[in-house]
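Q: The file below is model.cif, mmCIF, C-alpha atoms and all ligand atoms:
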```
data_data
#
loop_
_atom_site.label_atom_id
_atom_site.label_comp_id
_atom_site.auth_asym_id
_atom_site.auth_seq_id
_atom_site.Cartn_x
_atom_site.Cartn_y
_atom_site.Cartn_z
CA MET A 11 2.25 257.92 77.58
CA ALA A 12 2.99 260.84 79.85
CA ASP A 13 1.00 261.21 83.06
CA HIS A 14 -1.21 264.20 83.50
CA ILE A 15 0.69 266.68 85.62
CA GLY A 16 -1.48 268.29 88.31
CA CYS A 17 -0.41 271.93 88.59
CA ILE A 18 -0.68 273.94 91.77
CA PRO A 19 -1.26 277.54 90.73
CA GLU A 20 -0.47 279.16 94.05
CA LEU A 21 0.33 278.31 97.62
CA ASP A 22 -2.72 277.52 99.72
CA GLN A 23 -1.61 278.59 103.19
CA LYS A 24 -4.11 276.35 105.02
CA LYS A 25 -2.91 273.29 103.21
CA TYR A 26 0.67 274.38 103.59
CA ASP A 27 0.22 274.46 107.35
CA ALA A 28 -1.18 270.93 107.34
CA ARG A 29 -0.46 268.88 110.42
CA GLU A 30 0.90 265.92 108.52
CA GLN A 31 4.31 266.63 107.08
CA VAL A 32 6.84 264.37 105.41
CA LYS A 33 10.39 264.78 104.22
CA ILE A 34 11.49 263.06 101.01
CA ILE A 35 15.10 263.18 99.88
CA CYS A 36 16.61 262.69 96.44
CA LEU A 37 19.91 260.94 95.84
CA GLY A 38 21.97 260.22 92.76
CA ASP A 39 24.93 261.44 90.76
CA SER A 40 25.18 264.90 89.36
CA ALA A 41 23.03 265.73 86.31
CA VAL A 42 20.91 262.56 86.41
CA GLY A 43 17.79 264.75 86.52
CA LYS A 44 16.88 264.90 90.22
CA SER A 45 15.83 268.56 90.13
CA ASN A 46 14.01 268.22 86.83
CA CYS A 47 11.91 265.34 88.16
CA ILE A 48 10.74 267.48 91.08
CA LEU A 49 10.19 270.52 88.89
CA LYS A 50 8.05 268.47 86.53
CA LEU A 51 5.86 267.36 89.40
CA LEU A 52 5.50 270.83 90.87
CA CYS A 53 4.79 272.65 87.61
CA VAL A 54 5.78 275.89 89.27
CA ARG A 55 8.92 277.86 89.64
CA PRO A 56 10.68 276.48 92.71
CA GLN A 57 10.91 278.43 95.90
CA GLN A 58 14.48 278.41 97.01
CA LEU A 59 14.35 278.43 100.79
CA SER A 60 17.81 277.47 101.76
CA THR A 61 21.47 277.62 100.98
CA TYR A 62 23.62 277.04 97.95
CA ALA A 63 24.06 273.37 98.81
CA LEU A 64 20.42 272.57 99.37
CA THR A 65 17.10 273.41 97.74
CA LEU A 66 13.87 272.69 99.52
CA TYR A 67 10.73 272.30 97.43
CA LYS A 68 7.35 272.54 99.15
CA HIS A 69 4.43 270.53 97.84
CA THR A 70 0.98 269.57 99.08
CA ALA A 71 -0.59 266.24 98.29
CA SER A 72 -3.79 264.41 99.16
CA VAL A 73 -3.36 261.05 100.80
CA GLY A 74 -6.67 259.37 101.60
CA ASN A 75 -8.75 262.15 103.16
CA LYS A 76 -5.71 264.01 104.47
CA THR A 77 -3.71 266.88 103.07
CA VAL A 78 -0.04 266.27 103.46
CA ALA A 79 2.75 268.83 103.32
CA VAL A 80 5.70 267.33 101.48
CA ASP A 81 9.21 268.72 101.70
CA PHE A 82 11.39 267.53 98.83
CA TRP A 83 15.07 267.94 99.64
CA ASP A 84 17.32 268.33 96.66
CA THR A 85 21.01 269.02 96.49
CA ALA A 86 22.96 271.33 94.28
CA GLY A 87 26.50 270.19 94.13
CA GLN A 88 27.27 268.15 97.21
CA GLU A 89 26.67 264.86 95.43
CA ARG A 90 29.72 265.52 93.28
CA PHE A 91 31.71 264.53 96.38
CA GLN A 92 29.81 261.21 96.37
CA SER A 93 28.58 261.72 99.88
CA MET A 94 25.97 263.80 101.67
CA HIS A 95 26.04 265.61 104.97
CA PRO A 96 24.28 263.54 107.68
CA SER A 97 21.72 266.31 108.22
CA TYR A 98 20.42 265.63 104.72
CA TYR A 99 19.23 262.21 105.86
CA HIS A 100 18.01 263.32 109.26
CA LYS A 101 14.33 262.44 109.80
CA ALA A 102 13.72 261.67 106.11
CA HIS A 103 10.61 259.54 105.55
CA ALA A 104 11.43 258.30 102.04
CA CYS A 105 14.19 258.44 99.45
CA ILE A 106 14.14 258.65 95.66
CA MET A 107 17.35 257.40 94.03
CA VAL A 108 17.83 258.56 90.46
CA PHE A 109 20.17 257.43 87.68
CA ASP A 110 20.55 258.44 84.04
CA VAL A 111 19.82 255.60 81.60
CA GLN A 112 22.37 257.09 79.22
CA ARG A 113 25.28 257.02 81.68
CA LYS A 114 26.18 253.61 83.04
CA ILE A 115 28.37 255.03 85.80
CA THR A 116 25.34 256.72 87.38
CA TYR A 117 23.67 253.30 87.60
CA LYS A 118 26.79 251.72 89.09
CA ASN A 119 27.01 254.45 91.70
CA LEU A 120 23.54 253.63 93.01
CA ALA A 121 25.16 250.99 95.21
CA ASN A 122 27.24 253.67 96.98
CA TRP A 123 24.26 255.95 97.45
CA TYR A 124 22.18 253.12 98.79
CA LYS A 125 24.89 252.06 101.22
CA GLU A 126 25.18 255.56 102.61
CA LEU A 127 21.39 255.93 102.83
CA ARG A 128 21.08 252.74 104.86
CA GLU A 129 23.82 253.84 107.27
CA TYR A 130 21.65 256.81 108.28
CA ARG A 131 18.14 255.63 107.49
CA PRO A 132 18.05 251.83 107.67
CA GLU A 133 14.32 251.40 107.25
CA ILE A 134 12.78 254.21 105.20
CA PRO A 135 11.04 253.41 101.90
CA CYS A 136 13.25 253.93 98.88
CA CYS A 137 12.83 253.54 95.13
CA VAL A 138 15.03 253.55 92.04
CA VAL A 139 14.27 255.90 89.17
CA ALA A 140 15.70 255.28 85.69
CA ASN A 141 15.45 258.77 84.21
CA LYS A 142 15.76 260.19 80.67
CA ILE A 143 14.00 257.30 78.91
CA ASP A 144 12.78 259.79 76.28
CA ALA A 145 16.33 259.84 74.94
CA ASP A 146 16.17 256.14 74.08
CA LEU A 147 12.89 254.30 74.64
CA LYS A 148 14.59 250.95 73.96
CA VAL A 149 16.13 251.05 77.42
CA THR A 150 12.71 250.20 78.85
CA GLN A 151 13.21 246.69 77.48
CA ARG A 152 16.41 246.27 79.42
CA SER A 153 16.46 244.97 82.95
CA PHE A 154 18.29 246.84 85.68
CA SER A 155 18.81 244.33 88.43
CA PHE A 156 19.94 246.61 91.27
CA ALA A 157 16.42 247.51 92.39
CA LYS A 158 15.22 243.91 92.24
CA LYS A 159 18.22 242.68 94.23
CA GLN A 160 17.53 245.23 96.94
CA GLY A 161 13.77 244.68 96.82
CA LEU A 162 13.09 248.27 95.78
CA PRO A 163 10.34 249.59 93.49
CA PHE A 164 11.66 250.63 90.10
CA TYR A 165 10.32 253.28 87.70
CA PHE A 166 11.20 254.20 84.13
CA VAL A 167 10.78 257.96 84.05
CA SER A 168 11.26 260.96 81.81
CA ALA A 169 11.45 264.29 83.56
CA ALA A 170 11.52 265.82 80.10
CA ASP A 171 8.13 264.57 78.87
CA GLY A 172 6.64 263.64 82.25
CA THR A 173 6.34 259.88 81.77
CA ASN A 174 5.67 258.21 85.14
CA VAL A 175 6.71 261.29 87.10
CA VAL A 176 3.39 261.83 88.89
CA LYS A 177 2.84 258.10 89.44
CA MET A 178 6.28 257.67 90.99
CA PHE A 179 5.95 260.68 93.30
CA ARG A 180 2.39 259.78 94.29
CA GLU A 181 3.45 256.29 95.32
CA MET A 182 6.49 257.55 97.20
CA ILE A 183 4.46 260.19 99.06
CA ASN A 184 2.01 257.47 100.12
CA ARG A 185 4.85 255.31 101.31
CA ALA A 186 6.46 258.21 103.19
CA VAL A 187 3.18 258.93 105.02
CA ASP A 188 2.77 255.25 105.76
CA TYR A 189 6.27 255.08 107.17
CA LYS A 190 5.74 258.18 109.30
CA GLN A 191 2.61 256.64 110.80
CA ASN A 192 4.23 253.25 111.39
CA PRO A 193 7.98 253.75 111.73
CA SER A 194 9.93 250.52 111.84
CA ASP A 195 13.03 252.22 113.15
CA PHE A 196 13.10 252.41 116.96
CA MET A 197 14.67 255.89 117.04
CA ASP A 198 11.97 257.18 114.68
CA GLU A 199 9.27 255.84 116.97
CA VAL A 200 10.81 257.70 119.89
CA LEU A 201 11.13 260.94 117.89
CA GLU A 202 7.56 260.62 116.65
CA GLU A 203 6.24 260.23 120.22
CA LEU A 204 8.36 263.16 121.34
CA GLU A 205 6.97 265.36 118.57
CA VAL A 206 3.37 264.52 119.53
CA TRP A 207 4.16 265.18 123.18
CA LEU A 208 5.81 268.52 122.38
CA SER A 209 2.88 269.62 120.23
CA TYR A 210 0.52 268.86 123.16
CA SER A 211 2.66 270.79 125.61
CA ASP A 212 2.67 273.74 123.13
CA THR A 213 -1.13 273.64 123.00
CA PHE A 214 -1.46 273.67 126.79
CA SER A 215 1.11 276.41 127.23
CA ASP A 216 -1.31 278.70 125.31
CA PHE A 217 -3.81 278.53 128.18
N1 LIG B 301 16.54 264.08 77.71
C1 LIG B 301 16.35 264.32 79.00
N2 LIG B 301 17.15 265.18 79.65
C2 LIG B 301 16.92 265.38 80.97
C3 LIG B 301 15.88 264.71 81.68
N3 LIG B 301 15.94 265.10 82.96
C4 LIG B 301 16.93 265.98 83.05
N4 LIG B 301 17.52 266.17 81.87
C5 LIG B 301 18.65 267.07 81.58
O1 LIG B 301 19.75 266.64 82.35
C6 LIG B 301 20.47 267.76 82.86
C7 LIG B 301 20.57 267.66 84.37
O2 LIG B 301 19.28 267.75 84.94
P1 LIG B 301 19.09 268.20 86.47
O3 LIG B 301 17.67 268.01 86.82
O4 LIG B 301 19.69 269.54 86.67
O5 LIG B 301 19.98 267.10 87.18
P2 LIG B 301 20.39 267.00 88.73
O6 LIG B 301 20.49 265.56 89.05
O7 LIG B 301 19.48 267.83 89.53
O8 LIG B 301 21.85 267.65 88.67
P3 LIG B 301 22.72 268.35 89.87
O9 LIG B 301 21.83 269.34 90.55
O10 LIG B 301 23.88 268.96 89.17
O11 LIG B 301 23.13 267.25 90.76
C8 LIG B 301 19.73 269.00 82.38
O12 LIG B 301 20.39 269.48 81.23
C9 LIG B 301 18.36 268.50 82.04
O13 LIG B 301 17.74 269.24 81.02
C10 LIG B 301 15.06 263.79 80.94
O14 LIG B 301 14.13 263.16 81.44
N5 LIG B 301 15.35 263.63 79.61
MG MG B 302 19.84 269.49 90.78
#
```
Show this structure as structure tokens.
Ligand SMILES: Nc1nc2c(ncn2[C@@H]2O[C@H](COP(=O)(O)OP(=O)(O)OP(=O)(O)O)[C@@H](O)[C@H]2O)c(=O)[nH]1
Ligand SMILES: [Mg+2]
A:
Amino acid sequence: MADHIGCIPELDQKKYDAREQVKIICLGDSAVGKSNCILKLLCVRPQQLSTYALTLYKHTASVGNKTVAVDFWDTAGQERFQSMHPSYYHKAHACIMVFDVQRKITYKNLANWYKELREYRPEIPCCVVANKIDADLKVTQRSFSFAKKQGLPFYFVSAADGTNVVKMFREMINRAVDYKQNPSDFMDEVLEELEVWLSYSDTFSDF
């Protein structure tokens, strides 16, 4: 039932420097399995690049004929205050919201996370992940209406045995790239144009 997990043995610097880059954030209550989902995908020991409150995981993925550098942003602790710093949301291209199928409160709290997400990022693709299904497979027969009501894709996942982990991330990376190429948020469009313009002016300043 588990997906095959594609391991990346070591960092390929060329791919890492890929032009296309997306930021994907994870939201959800403490201990729902956010970090474990990412770790399962990466199959490698994480590289901790930032502070106590934030861990940044680097990943490369193929989307069509392009190599995409993916930054997964994960928190360590701040979600216990039921709110994230605005910089966490800044320029995110997609969001993965996780709850624990064994703790109802984590499902209820999705509404708060989603509200906060939409205050900062009204248009980015988002999905709902029901994690820890290995602990009780019967939950996959239950319906969790929150995602449907909000029109969000929904995945039953187990970070422990890998079920649906790769599928979920692959689809979300595709959607993040898609969003980056066709932002529906006006501010994002402006920032995207500005970035292209700045990269051109960098190139010319080399001459
Ligand atoms: N049975 C089972 N346990 C899981 C699964 N995913 C995570 N866990 C366990 O749940 C606990 C929390 O997992 P984390 O990945 O650290 O959760 P988190 O959401 O990153 O937690 P914080 O960083 O504290 O916010 C750990 O003890 C994991 O081993 C899963 O799919 N199945
Ligand atoms: Mg964590």
Q: Any residue with an atom at most 8 Å from ligand MG 302 (chain B) counts, using all atoms listed in the file. Which are they? Put them as a list in words.
A: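 Every residue with an atom at most 8 Å from ligand MG 302 (chain B) is listed here: Ser40, Ala41, Gly43, Lys44, Ser45, Asn46, Asp84, Thr85, Ala86 and Gly87 of chain A.
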Q: I'd like to know which of A:Glu126, A:Asp171, A:Asp81, A:Asp146 is closest to Val111 of chain A, using all atoms listed in the file.
A: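 Going through A:Glu126, A:Asp171, A:Asp81, A:Asp146 one by one, the smallest distance to Val111 of chain A is for A:Asp146.
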Q: By how many Å are atom O14 of ligand LIG 301 (chain B) and atom CA of Leu49 of chain A apart?
A: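 Atom-to-atom, atom O14 of ligand LIG 301 (chain B) to atom CA of Leu49 of chain A, that is 11.2 Å.
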Q: Identify, on the basis of only C-alpha atoms, every residue whose closest approach to Val187 of chain A does not exceed 10 Å; exclude the query and any residue fewer than 4 positions from it along the same chain; express the result as a PyMOL selection string.
A: chain A and resi 30-33+73+78+80+103-104+182-183+191-193
Q: Can I get the selection written as a PDB file, in the coordinates of the input, with C-alpha atoms?
A:
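Heads up, here's the output in out_36.pdb:
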```
ATOM      1  CA  GLU A  30       0.900 265.920 108.520  1.00  0.00           C
ATOM      2  CA  GLN A  31       4.310 266.630 107.080  1.00  0.00           C
ATOM      3  CA  VAL A  32       6.840 264.370 105.410  1.00  0.00           C
ATOM      4  CA  LYS A  33      10.390 264.780 104.220  1.00  0.00           C
ATOM      5  CA  VAL A  73      -3.360 261.050 100.800  1.00  0.00           C
ATOM      6  CA  VAL A  78      -0.040 266.270 103.460  1.00  0.00           C
ATOM      7  CA  VAL A  80       5.700 267.330 101.480  1.00  0.00           C
ATOM      8  CA  HIS A 103      10.610 259.540 105.550  1.00  0.00           C
ATOM      9  CA  ALA A 104      11.430 258.300 102.040  1.00  0.00           C
ATOM     10  CA  MET A 182       6.490 257.550  97.200  1.00  0.00           C
ATOM     11  CA  ILE A 183       4.460 260.190  99.060  1.00  0.00           C
ATOM     12  CA  GLN A 191       2.610 256.640 110.800  1.00  0.00           C
ATOM     13  CA  ASN A 192       4.230 253.250 111.390  1.00  0.00           C
ATOM     14  CA  PRO A 193       7.980 253.750 111.730  1.00  0.00           C
TER      15      PRO A 193
END
```
Q: Enumerate as a compact mmCIF listing (two decimals) with C-alpha atoms, in the coordinates of the input the residues within 12 Å of ligand LIG 301 (chain B), counting all atoms listed in the file.
A:
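Saved as pocket.txt:
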```
# COMPACT_ATOMS: atom_id res chain seq x y z
CA ALA A 12 2.99 260.84 79.85
CA CYS A 36 16.61 262.69 96.44
CA LEU A 37 19.91 260.94 95.84
CA GLY A 38 21.97 260.22 92.76
CA ASP A 39 24.93 261.44 90.76
CA SER A 40 25.18 264.90 89.36
CA ALA A 41 23.03 265.73 86.31
CA VAL A 42 20.91 262.56 86.41
CA GLY A 43 17.79 264.75 86.52
CA LYS A 44 16.88 264.90 90.22
CA SER A 45 15.83 268.56 90.13
CA ASN A 46 14.01 268.22 86.83
CA CYS A 47 11.91 265.34 88.16
CA ILE A 48 10.74 267.48 91.08
CA LEU A 49 10.19 270.52 88.89
CA LYS A 50 8.05 268.47 86.53
CA TYR A 62 23.62 277.04 97.95
CA ALA A 63 24.06 273.37 98.81
CA LEU A 64 20.42 272.57 99.37
CA THR A 65 17.10 273.41 97.74
CA TRP A 83 15.07 267.94 99.64
CA ASP A 84 17.32 268.33 96.66
CA THR A 85 21.01 269.02 96.49
CA ALA A 86 22.96 271.33 94.28
CA GLY A 87 26.50 270.19 94.13
CA GLN A 88 27.27 268.15 97.21
CA GLU A 89 26.67 264.86 95.43
CA ARG A 90 29.72 265.52 93.28
CA PHE A 91 31.71 264.53 96.38
CA GLN A 92 29.81 261.21 96.37
CA SER A 93 28.58 261.72 99.88
CA MET A 94 25.97 263.80 101.67
CA ILE A 106 14.14 258.65 95.66
CA MET A 107 17.35 257.40 94.03
CA VAL A 108 17.83 258.56 90.46
CA PHE A 109 20.17 257.43 87.68
CA ASP A 110 20.55 258.44 84.04
CA VAL A 111 19.82 255.60 81.60
CA GLN A 112 22.37 257.09 79.22
CA ARG A 113 25.28 257.02 81.68
CA THR A 116 25.34 256.72 87.38
CA VAL A 139 14.27 255.90 89.17
CA ALA A 140 15.70 255.28 85.69
CA ASN A 141 15.45 258.77 84.21
CA LYS A 142 15.76 260.19 80.67
CA ILE A 143 14.00 257.30 78.91
CA ASP A 144 12.78 259.79 76.28
CA ALA A 145 16.33 259.84 74.94
CA ASP A 146 16.17 256.14 74.08
CA LEU A 147 12.89 254.30 74.64
CA PHE A 166 11.20 254.20 84.13
CA VAL A 167 10.78 257.96 84.05
CA SER A 168 11.26 260.96 81.81
CA ALA A 169 11.45 264.29 83.56
CA ALA A 170 11.52 265.82 80.10
CA ASP A 171 8.13 264.57 78.87
CA GLY A 172 6.64 263.64 82.25
CA THR A 173 6.34 259.88 81.77
CA ASN A 174 5.67 258.21 85.14
CA VAL A 175 6.71 261.29 87.10
```
Q: Please determine an axis-aligned box that encloses all atoms of segment 37-43 of chain A listed in the file, with 6 Å added on each side, and express its centre and edge lengths in Å to one decimal as AutoDock Vina command-line options.
A:
```
--center_x 21.5 --center_y 263.0 --center_z 91.1 --size_x 19.4 --size_y 17.5 --size_z 21.5
```
